[in-house]
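Participant: Structure supplied as query.txt; contents: compact mmCIF, C-alpha atoms.
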```
# COMPACT_ATOMS: atom_id res chain seq x y z
CA MET O 1 5.12 5.69 0.48
CA PRO O 2 7.27 3.76 -2.02
CA LEU O 3 8.10 5.27 -5.40
CA PRO O 4 5.46 3.86 -7.82
CA ASP O 5 6.89 1.45 -10.39
CA LEU O 6 5.62 3.46 -13.36
CA LEU O 7 7.05 6.69 -11.98
CA ARG O 8 10.42 5.02 -11.40
CA GLU O 9 10.43 3.73 -14.98
CA LEU O 10 9.54 7.17 -16.34
CA LEU O 11 12.30 8.83 -14.29
CA THR O 12 14.97 6.37 -15.40
CA THR O 13 14.15 5.92 -19.09
CA PRO O 14 16.18 8.37 -21.21
CA GLY O 15 14.25 10.91 -23.22
CA PRO O 16 15.99 14.24 -23.84
CA SER O 17 14.39 16.68 -26.26
CA GLY O 18 14.41 15.18 -29.74
CA HIS O 19 14.97 11.66 -28.39
CA GLU O 20 11.74 10.98 -26.50
CA GLY O 21 10.73 7.72 -28.22
CA ASP O 22 11.73 5.23 -25.51
CA VAL O 23 10.11 7.04 -22.61
CA ALA O 24 7.01 7.86 -24.69
CA ALA O 25 6.64 4.11 -25.30
CA VAL O 26 6.72 3.48 -21.53
CA TRP O 27 3.94 6.05 -21.01
CA GLN O 28 1.83 4.67 -23.87
CA ARG O 29 2.08 1.07 -22.62
CA ALA O 30 0.92 2.18 -19.19
CA ALA O 31 -2.12 3.90 -20.73
CA GLU O 32 -3.27 1.07 -22.96
CA GLY O 33 -5.21 -0.76 -20.27
CA PHE O 34 -7.73 2.00 -19.61
CA ALA O 35 -7.62 4.65 -22.37
CA GLU O 36 -7.67 5.20 -26.12
CA VAL O 37 -3.99 5.80 -26.92
CA SER O 38 -2.55 7.62 -29.91
CA ALA O 39 0.58 9.49 -30.97
CA ASP O 40 1.13 12.31 -33.43
CA ALA O 41 3.74 12.95 -36.09
CA LEU O 42 6.06 14.77 -33.67
CA GLY O 43 6.01 11.98 -31.08
CA SER O 44 3.62 13.36 -28.48
CA SER O 45 1.27 10.85 -26.84
CA VAL O 46 -2.42 11.14 -25.95
CA ALA O 47 -4.54 8.88 -23.71
CA ARG O 48 -8.28 9.60 -23.80
CA VAL O 49 -10.85 8.43 -21.25
CA LYS O 50 -14.33 8.92 -22.66
CA GLY O 51 -16.79 11.04 -20.72
CA THR O 52 -20.12 9.82 -19.38
CA ALA O 53 -22.17 12.87 -20.37
CA GLU O 54 -21.88 16.09 -22.37
CA GLY O 55 -19.45 17.76 -20.01
CA PRO O 56 -16.45 19.79 -21.16
CA SER O 57 -13.37 17.88 -22.26
CA LEU O 58 -10.27 18.31 -20.12
CA ALA O 59 -6.65 18.01 -21.27
CA LEU O 60 -4.03 17.27 -18.60
CA VAL O 61 -0.66 18.13 -20.06
CA GLY O 62 2.87 17.23 -19.05
CA HIS O 63 5.99 17.27 -21.22
CA ILE O 64 7.81 13.98 -21.64
CA ASP O 65 11.22 15.38 -22.64
CA GLU O 66 13.99 16.06 -20.14
CA ILE O 67 17.03 18.28 -20.44
CA GLY O 68 20.00 16.48 -21.92
CA LEU O 69 23.00 16.82 -24.18
CA ALA O 70 23.69 16.28 -27.88
CA VAL O 71 27.00 15.01 -29.26
CA THR O 72 28.48 17.61 -31.63
CA HIS O 73 31.99 16.30 -32.30
CA ILE O 74 34.11 13.16 -31.80
CA ASP O 75 37.84 13.84 -31.81
CA ASP O 76 40.58 11.46 -32.93
CA LYS O 77 41.25 10.35 -29.37
CA GLY O 78 37.62 9.25 -28.97
CA PHE O 79 36.38 12.04 -26.72
CA LEU O 80 32.83 13.29 -27.32
CA PHE O 81 32.06 17.00 -27.28
CA PHE O 82 28.53 18.23 -26.76
CA ARG O 83 26.09 21.07 -26.34
CA GLY O 84 23.03 21.30 -24.12
CA LEU O 85 19.46 20.34 -24.92
CA GLY O 86 17.65 22.70 -22.59
CA GLY O 87 19.05 24.91 -19.87
CA TRP O 88 22.16 23.70 -18.02
CA VAL O 89 24.40 25.22 -15.40
CA PRO O 90 27.75 23.88 -16.69
CA GLU O 91 29.18 23.35 -13.19
CA VAL O 92 26.51 20.71 -12.58
CA LEU O 93 27.87 18.53 -15.39
CA LEU O 94 31.53 18.28 -14.39
CA ALA O 95 32.48 14.75 -13.25
CA GLN O 96 28.95 13.38 -13.76
CA ARG O 97 28.25 9.88 -14.99
CA VAL O 98 26.21 9.85 -18.19
CA GLU O 99 24.50 7.54 -20.64
CA VAL O 100 25.05 8.15 -24.35
CA LEU O 101 22.13 7.03 -26.50
CA GLY O 102 24.41 5.37 -29.02
CA ARG O 103 24.02 3.46 -32.25
CA ASP O 104 23.35 0.11 -30.57
CA GLY O 105 22.03 1.17 -27.18
CA ARG O 106 23.06 3.07 -24.07
CA LEU O 107 26.78 3.64 -23.44
CA PRO O 108 28.14 4.61 -20.02
CA GLY O 109 30.48 7.56 -19.86
CA VAL O 110 31.82 10.29 -17.61
CA VAL O 111 32.17 14.03 -18.10
CA GLY O 112 35.69 15.43 -18.02
CA LYS O 113 37.17 18.90 -18.40
CA LYS O 114 39.98 20.12 -20.58
CA GLY O 115 43.14 20.28 -18.52
CA GLY O 116 41.77 18.19 -15.66
CA PRO O 117 39.71 19.04 -12.55
CA PHE O 118 39.44 22.35 -10.71
CA LYS O 119 42.74 23.85 -9.61
CA LYS O 120 42.72 25.04 -6.02
CA ASP O 121 44.77 28.11 -6.82
CA LYS O 122 42.68 29.25 -9.80
CA ASP O 123 39.39 31.12 -9.98
CA GLU O 124 38.05 29.04 -12.82
CA LYS O 125 34.68 29.27 -14.56
CA ILE O 126 33.27 26.05 -16.04
CA GLU O 127 31.87 26.36 -19.58
CA LEU O 128 30.21 23.74 -21.76
CA LYS O 129 32.82 24.22 -24.48
CA ASN O 130 35.53 23.02 -22.09
CA LEU O 131 33.74 19.77 -21.15
CA PHE O 132 33.72 16.44 -22.94
CA ILE O 133 32.49 12.87 -22.47
CA ASP O 134 34.85 9.92 -22.04
CA ILE O 135 33.27 6.56 -22.97
CA GLY O 136 36.57 4.69 -22.68
CA ALA O 137 37.12 4.59 -26.44
CA ARG O 138 40.53 3.53 -27.74
CA ASP O 139 40.48 6.25 -30.40
CA GLY O 140 38.19 8.20 -32.69
CA ALA O 141 37.40 5.24 -34.92
CA ASP O 142 36.34 3.18 -31.91
CA ALA O 143 34.10 5.97 -30.64
CA ARG O 144 32.58 6.64 -34.08
CA SER O 145 31.67 2.98 -34.44
CA LEU O 146 29.38 3.40 -31.43
CA VAL O 147 28.28 7.03 -31.42
CA ARG O 148 26.93 9.31 -34.13
CA ILE O 149 26.92 13.09 -34.25
CA GLY O 150 23.61 14.25 -32.80
CA ASP O 151 23.17 11.30 -30.44
CA GLY O 152 21.50 12.27 -27.19
CA VAL O 153 22.99 12.03 -23.71
CA VAL O 154 21.41 12.00 -20.25
CA LEU O 155 22.84 11.97 -16.76
CA ALA O 156 22.95 8.52 -15.19
CA PRO O 157 21.95 8.81 -11.48
CA GLN O 158 19.14 6.56 -10.27
CA PRO O 159 16.33 7.78 -7.98
CA VAL O 160 17.23 7.99 -4.30
CA GLU O 161 14.39 7.60 -1.81
CA LEU O 162 14.99 9.96 1.12
CA ARG O 163 13.13 10.51 4.38
CA ASN O 164 9.53 11.75 4.61
CA ASN O 165 8.42 10.48 1.19
CA ARG O 166 10.96 12.64 -0.65
CA VAL O 167 12.80 11.37 -3.70
CA ALA O 168 15.81 12.83 -5.53
CA SER O 169 16.27 12.02 -9.20
CA ARG O 170 17.02 13.46 -12.58
CA SER O 171 14.07 14.17 -14.90
CA TRP O 172 11.37 15.02 -12.37
CA ASP O 173 11.13 17.93 -14.83
CA ASN O 174 8.80 16.86 -16.21
CA ARG O 175 8.16 13.16 -15.93
CA VAL O 176 6.17 14.05 -12.83
CA GLY O 177 3.71 16.05 -14.95
CA CYS O 178 3.26 13.15 -17.36
CA TYR O 179 2.77 10.73 -14.48
CA VAL O 180 0.22 12.96 -12.73
CA ALA O 181 -1.72 13.42 -15.98
CA LEU O 182 -1.80 9.69 -16.70
CA GLU O 183 -2.54 8.59 -13.13
CA THR O 184 -5.39 11.12 -12.97
CA ALA O 185 -6.87 9.70 -16.17
CA ARG O 186 -6.46 6.14 -14.84
CA ARG O 187 -8.30 6.92 -11.60
CA VAL O 188 -11.06 8.72 -13.47
CA ALA O 189 -11.49 5.65 -15.68
CA GLU O 190 -11.44 3.36 -12.62
CA ALA O 191 -14.19 5.48 -11.03
CA GLY O 192 -16.40 5.13 -14.10
CA GLY O 193 -15.49 8.35 -15.90
CA ALA O 194 -16.10 12.07 -15.62
CA PRO O 195 -18.82 14.21 -17.25
CA GLY O 196 -16.53 14.99 -20.19
CA ASP O 197 -13.53 13.34 -21.82
CA VAL O 198 -10.33 13.38 -19.78
CA VAL O 199 -7.28 13.44 -22.04
CA ALA O 200 -3.79 12.89 -20.65
CA VAL O 201 -1.02 14.32 -22.83
CA ALA O 202 2.72 13.60 -22.83
CA ALA O 203 4.08 16.35 -25.06
CA VAL O 204 7.52 16.47 -26.68
CA GLY O 205 9.86 19.39 -27.15
CA GLU O 206 9.18 21.66 -24.18
CA GLU O 207 12.75 21.98 -22.88
CA VAL O 208 14.10 23.43 -26.13
CA GLY O 209 11.65 26.28 -25.94
CA ASP O 210 9.29 25.90 -28.89
CA PHE O 211 6.52 23.92 -27.11
CA ALA O 212 6.19 21.83 -30.26
CA GLY O 213 4.30 18.98 -28.67
CA SER O 214 1.87 21.16 -26.78
CA ARG O 215 1.15 23.26 -29.87
CA THR O 216 0.23 20.26 -32.00
CA THR O 217 -1.67 18.35 -29.32
CA ALA O 218 -3.68 21.41 -28.30
CA TYR O 219 -4.72 21.88 -31.93
CA ALA O 220 -5.59 18.21 -32.42
CA VAL O 221 -7.24 17.40 -29.07
CA ARG O 222 -9.32 20.60 -29.00
CA PRO O 223 -10.09 20.45 -25.27
CA ASP O 224 -12.61 22.76 -23.66
CA VAL O 225 -10.27 23.16 -20.67
CA ALA O 226 -6.57 22.47 -20.20
CA ILE O 227 -4.37 22.07 -17.13
CA ALA O 228 -0.60 22.10 -17.55
CA ILE O 229 1.31 20.14 -14.89
CA ASP O 230 4.97 20.97 -14.35
CA VAL O 231 7.59 21.61 -11.68
CA TYR O 232 8.40 24.87 -9.93
CA ASP O 233 11.30 26.00 -7.75
CA ALA O 234 10.64 25.23 -4.09
CA THR O 235 11.46 28.17 -1.85
CA ASP O 236 12.01 26.23 1.40
CA ILE O 237 15.78 25.97 1.00
CA PRO O 238 18.48 28.24 2.46
CA ASP O 239 18.09 31.72 0.92
CA GLY O 240 15.01 30.61 -1.01
CA ASP O 241 13.27 33.78 -2.20
CA PRO O 242 9.44 33.96 -2.05
CA ASN O 243 9.39 37.56 -3.30
CA ASP O 244 9.43 36.63 -6.99
CA SER O 245 6.27 34.55 -7.28
CA GLY O 246 5.23 33.44 -3.82
CA GLU O 247 6.22 30.96 -1.14
CA HIS O 248 6.33 27.37 -2.42
CA PRO O 249 7.41 24.81 0.16
CA ILE O 250 7.65 21.09 -0.42
CA GLY O 251 4.29 19.70 0.70
CA LYS O 252 1.94 22.12 -1.06
CA PRO O 253 1.18 21.83 -4.79
CA ALA O 254 1.16 25.30 -6.37
CA LEU O 255 -1.77 26.67 -8.37
CA GLY O 256 -0.90 29.22 -11.02
CA ARG O 257 -2.63 32.60 -10.96
CA GLY O 258 -2.29 35.49 -13.38
CA ALA O 259 -1.96 36.15 -17.11
CA PRO O 260 -2.16 34.07 -19.30
CA LEU O 261 -4.08 31.65 -17.06
CA SER O 262 -7.85 31.50 -16.72
CA PRO O 263 -9.15 33.17 -13.52
CA ARG O 264 -12.17 30.86 -13.52
CA ILE O 265 -10.05 27.72 -13.73
CA PHE O 266 -7.84 29.00 -10.91
CA GLU O 267 -10.87 29.57 -8.68
CA LEU O 268 -12.29 26.16 -9.51
CA LEU O 269 -8.97 24.51 -8.67
CA CYS O 270 -8.91 26.35 -5.34
CA GLU O 271 -12.49 25.36 -4.55
CA THR O 272 -11.68 21.75 -5.40
CA ALA O 273 -8.56 21.77 -3.22
CA GLU O 274 -10.60 23.10 -0.30
CA GLN O 275 -13.25 20.45 -0.87
CA GLU O 276 -10.60 17.71 -0.88
CA GLN O 277 -8.74 19.23 2.10
CA ILE O 278 -5.55 19.61 0.09
CA GLU O 279 -3.17 22.39 1.09
CA TRP O 280 -1.82 24.51 -1.76
CA SER O 281 0.24 27.59 -2.48
CA VAL O 282 -0.30 30.25 -5.16
CA GLU O 283 2.25 30.62 -7.96
CA VAL O 284 2.00 34.20 -9.20
CA VAL O 285 2.35 34.43 -12.98
CA THR O 286 3.03 37.81 -14.57
CA GLY O 287 3.54 36.84 -18.21
CA ASN O 288 4.71 33.58 -19.73
CA THR O 289 4.48 30.55 -17.47
CA HIS O 290 7.35 28.83 -19.33
CA THR O 291 5.23 25.68 -19.35
CA ASP O 292 2.95 23.98 -21.87
CA ALA O 293 0.18 26.30 -20.67
CA ASP O 294 1.74 29.00 -22.87
CA ALA O 295 0.85 27.02 -26.00
CA TYR O 296 -2.48 25.60 -24.89
CA HIS O 297 -4.16 28.84 -23.93
CA LEU O 298 -3.51 30.29 -27.41
CA SER O 299 -4.64 27.30 -29.47
CA ARG O 300 -7.38 27.88 -32.02
CA ALA O 301 -9.76 30.48 -30.54
CA GLY O 302 -8.27 30.12 -27.06
CA ILE O 303 -8.56 27.49 -24.33
CA PRO O 304 -9.23 28.29 -20.65
CA THR O 305 -6.05 26.99 -19.07
CA GLY O 306 -4.80 26.37 -15.55
CA LEU O 307 -1.44 25.40 -14.09
CA VAL O 308 -0.62 22.95 -11.31
CA SER O 309 3.03 22.92 -10.26
CA ILE O 310 4.94 20.45 -8.10
CA PRO O 311 7.41 22.28 -5.80
CA THR O 312 10.85 20.93 -6.69
CA ARG O 313 14.28 21.55 -5.23
CA TYR O 314 17.40 21.77 -7.40
CA ILE O 315 15.65 21.90 -10.80
CA HIS O 316 17.83 21.09 -13.83
CA THR O 317 20.30 19.09 -11.78
CA PRO O 318 20.70 15.31 -11.35
CA THR O 319 19.25 15.63 -7.84
CA GLU O 320 15.87 17.26 -8.42
CA LEU O 321 13.90 16.60 -5.23
CA VAL O 322 10.13 16.11 -5.00
CA SER O 323 7.74 14.97 -2.29
CA LEU O 324 5.61 11.97 -3.23
CA ASP O 325 2.92 13.54 -1.04
CA ASP O 326 2.74 16.42 -3.52
CA VAL O 327 2.47 13.98 -6.42
CA GLU O 328 -0.40 12.15 -4.74
CA ASN O 329 -2.18 15.37 -3.79
CA ALA O 330 -1.89 16.72 -7.33
CA VAL O 331 -3.53 13.55 -8.63
CA ARG O 332 -6.30 13.71 -6.01
CA LEU O 333 -6.93 17.36 -6.83
CA LEU O 334 -7.17 16.76 -10.58
CA VAL O 335 -9.39 13.69 -10.27
CA ALA O 336 -11.85 15.71 -8.20
CA PHE O 337 -11.53 18.68 -10.58
CA ALA O 338 -12.33 16.49 -13.60
CA GLN O 339 -15.36 14.96 -11.91
CA ARG O 340 -16.92 18.30 -10.97
CA LEU O 341 -16.14 20.05 -14.26
CA GLU O 342 -19.27 21.30 -16.02
CA LEU O 343 -19.86 23.79 -18.84
CA SER O 344 -21.55 26.16 -16.39
CA ASN O 345 -18.51 26.44 -14.11
CA VAL O 346 -15.83 27.02 -16.75
CA SER O 347 -17.48 29.74 -18.81
CA SER O 348 -15.94 33.15 -18.28
```
Give the structure from the file, written as structure tokens.

Facilitator:
Amino acid sequence: MPLPDLLRELLTTPGPSGHEGDVAAVWQRAAEGFAEVSADALGSSVARVKGTAEGPSLALVGHIDEIGLAVTHIDDKGFLFFRGLGGWVPEVLLAQRVEVLGRDGRLPGVVGKKGGPFKKDKDEKIELKNLFIDIGARDGADARSLVRIGDGVVLAPQPVELRNNRVASRSWDNRVGCYVALETARRVAEAGGAPGDVVAVAAVGEEVGDFAGSRTTAYAVRPDVAIAIDVYDATDIPDGDPNDSGEHPIGKPALGRGAPLSPRIFELLCETAEQEQIEWSVEVVTGNTHTDADAYHLSRAGIPTGLVSIPTRYIHTPTELVSLDDVENAVRLLVAFAQRLELSNVSS
């Protein structure tokens, strides 16, 4: 199964939190052929496929932003210092190639460390404050002519297609959710629609913790039902621990169960998966999901909300690994879910 062209473009177009415009434009262009497309004041995107009857409206929500960096200082030698946008393990960044979203376009650079690389005879801890970006500038003036304080930065690796339909890339978190939402809406439109509106959402601002895009889109879209689509740590790696929230191997999309998610939506997702002969695992939620579901379920008077997660290895690294089989099965599941959604089977 080759990596779909749209998914490749979403994975490789920079869009860290606060700088999502370019990748949002990719998503919107892909939606224009089959849906009513709009964007809000914060930059979130919505693609609506009209329903064929009076069924409940369904929002399928992914967040379009990825973790990244923001330039905080340019010294007189032309080195760029930065802080994280979203959660980083600093060791992951050392010696990485990056792209700086500069004044006139993307600039290649590399991450260095004060004093040079690791010393074999030292027990050294890597911290963000000791890292910097080298863009090859002659001096500070040269760097400042190209880069402004606050410019975003992303890691540069391209997707690598591995064996057994598995792909490693940066930004699976959460371009995969946006892709699944949009591809589901496209297939629903291609099939002639669902009983109610199906609304794909590419929300901004999730990685910085305020769920800005999901808060505003939930309020504006006013869906009867919402499904958040995000990634979750796969447990099928050495020392992977299923005790925290269940066993989540690559090859089985995970369905969220527990507060604050709707029990009825969980059961309907399970019934649909069985009907479609899709294997799944259960992601046990005992509080916040740390996904856009946390904003959607509290919007207005409350929205019955579910969660579909794609098992992912090495989250928040440049080598996040996902199975394309899981992507396809998540789409199949949600298309079938949308088509069998009725007011009678979502009421509590």

Participant: Could you jot down the atom CA of Ile67 of chain O to atom CA of Val308 of chain O separation for me, Å, one decimal place?

Facilitator: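 So the two atoms, atom CA of Ile67 of chain O and atom CA of Val308 of chain O, lie 20.4 Å apart.
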
Participant: One decimal, in Å: what's the spacing between atom CA of Ile133 of chain O and atom CA of Val100 of chain O?

Facilitator: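 So the two atoms, atom CA of Ile133 of chain O and atom CA of Val100 of chain O, lie 9.0 Å apart.
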
Participant: Which of these, O:Ser281, O:Asn243, O:Ser262, O:Asn329, has the shortest distance to Ala228 of chain O once you count only C-alpha atoms?

Facilitator: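 Looking at the shortest contact to Ala228 of chain O, the residue is O:Ser262.
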
Participant: For Leu269 of chain O, please output as a PyMOL selection string all residues within 8 Å (counting only C-alpha atoms; exclusion window: fewer than 6 positions along the same chain).

Facilitator: chain O and resi 255+333+337

Participant: Residues at most 8 Å from Ala35 of chain O, counting all atoms listed in the file, excluding those fewer than 4 positions away in the same chain, as a list of chain:residue names?

Facilitator: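 Within the cut-off, the hits are O:Ala31, O:Ala47, O:Arg48, O:Val49, O:Lys50, O:Arg186, O:Ala189.
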
Participant: Record the distance separating atom CA of Glu36 of chain O and atom CA of Val221 of chain O, expressed in Å with one decimal.

Facilitator: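 That distance, rounded to one decimal, is 12.6 Å.
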
Participant: Out of O:Thr317, O:Glu206, O:Pro263, O:Gly192, which residue has the shortest atom-to-atom distance to Pro90 of chain O when counting all atoms listed in the file?

Facilitator: O:Thr317

Participant: Which polymer residues, whether protein, DNA or RNA, lie within 6 Å of the coordinate (-7.2, 22.2, -12.9) when you count all atoms listed in the file? List them as number ranges by chain, using the chain letters and numbers from the file.

Facilitator: O: 227, 269, 306, 334

Participant: Which residues are close to segment 56-58 of chain O, i.e. within 9 Å by all atoms listed in the file, leaving aside same-chain residues fewer than 4 positions away? Reply as a compact mmCIF listing (two decimals) with C-alpha atoms, keeping the file's coordinate frame.

Facilitator:
```
# COMPACT_ATOMS: atom_id res chain seq x y z
CA GLY O 51 -16.79 11.04 -20.72
CA PRO O 195 -18.82 14.21 -17.25
CA GLY O 196 -16.53 14.99 -20.19
CA ASP O 197 -13.53 13.34 -21.82
CA VAL O 198 -10.33 13.38 -19.78
CA VAL O 199 -7.28 13.44 -22.04
CA ALA O 200 -3.79 12.89 -20.65
CA ARG O 222 -9.32 20.60 -29.00
CA PRO O 223 -10.09 20.45 -25.27
CA ASP O 224 -12.61 22.76 -23.66
CA VAL O 225 -10.27 23.16 -20.67
CA ALA O 226 -6.57 22.47 -20.20
CA ILE O 227 -4.37 22.07 -17.13
CA ALA O 338 -12.33 16.49 -13.60
CA LEU O 341 -16.14 20.05 -14.26
CA GLU O 342 -19.27 21.30 -16.02
CA LEU O 343 -19.86 23.79 -18.84
CA VAL O 346 -15.83 27.02 -16.75
```

Participant: Of the candidates O:Leu7, O:Ala24, O:Val208, O:Ala141, which one gets nearest to Leu85 of chain O if we count only C-alpha atoms?

Facilitator: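 Closest to Leu85 of chain O, using only C-alpha atoms: O:Val208.
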
Participant: Taking into account only C-alpha atoms, which residue in the set O:Pro260, O:Gly55, O:Gly68, O:Gly116 is nearest to Val89 of chain O?

Facilitator: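 Using only C-alpha atoms, the shortest distance to Val89 of chain O belongs to O:Gly68.
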
Participant: In terms of the shortest atom-to-atom distance over all atoms listed in the file, which of O:His73, O:Ile229, O:Asp142, O:Asn165 is closest to Pro2 of chain O?

Facilitator: O:Asn165

Participant: So which residues touch Ala330 of chain O within 9 Å, counting all atoms listed in the file, skipping near sequence neighbours fewer than 3 positions away, as a VMD selection string?

Facilitator: chain O and resid 180 184 229 253 278 308 to 310 325 to 327 333 to 335

Participant: Taking (11.9, 12.1, -10.9) in the coordinates of the supplied file, I want to know which residues reach to within 8 Å of it, counting only C-alpha atoms; could you give the answer as a VMD selection string?

Facilitator: chain O and resid 7 to 8 10 to 12 159 167 to 176 320 to 322

Participant: Draw an axis-aligned box over all listed atoms of segment 230-244 of chain O, pad each side with 6 Å, and write its centre and edge lengths in Å, one decimal, as lines of an AutoDock Vina configuration file.

Facilitator:
```
center_x = 11.7
center_y = 29.3
center_z = -5.9
size_x = 25.5
size_y = 28.6
size_z = 28.8
```

Participant: With all atoms listed in the file as the counted atoms, please give the residues lying no more than 12 Å from Gly102 of chain O, apart from itself and same-chain residues fewer than 6 positions off, as a compact mmCIF listing (two decimals) with C-alpha atoms, in the frame of the given file.

Facilitator:
```
# COMPACT_ATOMS: atom_id res chain seq x y z
CA PRO O 14 16.18 8.37 -21.21
CA HIS O 19 14.97 11.66 -28.39
CA ALA O 70 23.69 16.28 -27.88
CA VAL O 71 27.00 15.01 -29.26
CA LEU O 80 32.83 13.29 -27.32
CA PRO O 108 28.14 4.61 -20.02
CA GLY O 109 30.48 7.56 -19.86
CA ILE O 135 33.27 6.56 -22.97
CA ALA O 143 34.10 5.97 -30.64
CA ARG O 144 32.58 6.64 -34.08
CA SER O 145 31.67 2.98 -34.44
CA LEU O 146 29.38 3.40 -31.43
CA VAL O 147 28.28 7.03 -31.42
CA ARG O 148 26.93 9.31 -34.13
CA ILE O 149 26.92 13.09 -34.25
CA GLY O 150 23.61 14.25 -32.80
CA ASP O 151 23.17 11.30 -30.44
CA GLY O 152 21.50 12.27 -27.19
CA VAL O 153 22.99 12.03 -23.71
CA VAL O 154 21.41 12.00 -20.25
```

Participant: Between O:Gln28, O:Gln339, O:Thr235, O:Thr217, which one has atoms that come closest to Pro249 of chain O, using all atoms listed in the file?

Facilitator: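 With all atoms listed in the file as the atom set, the closest residue is O:Thr235.
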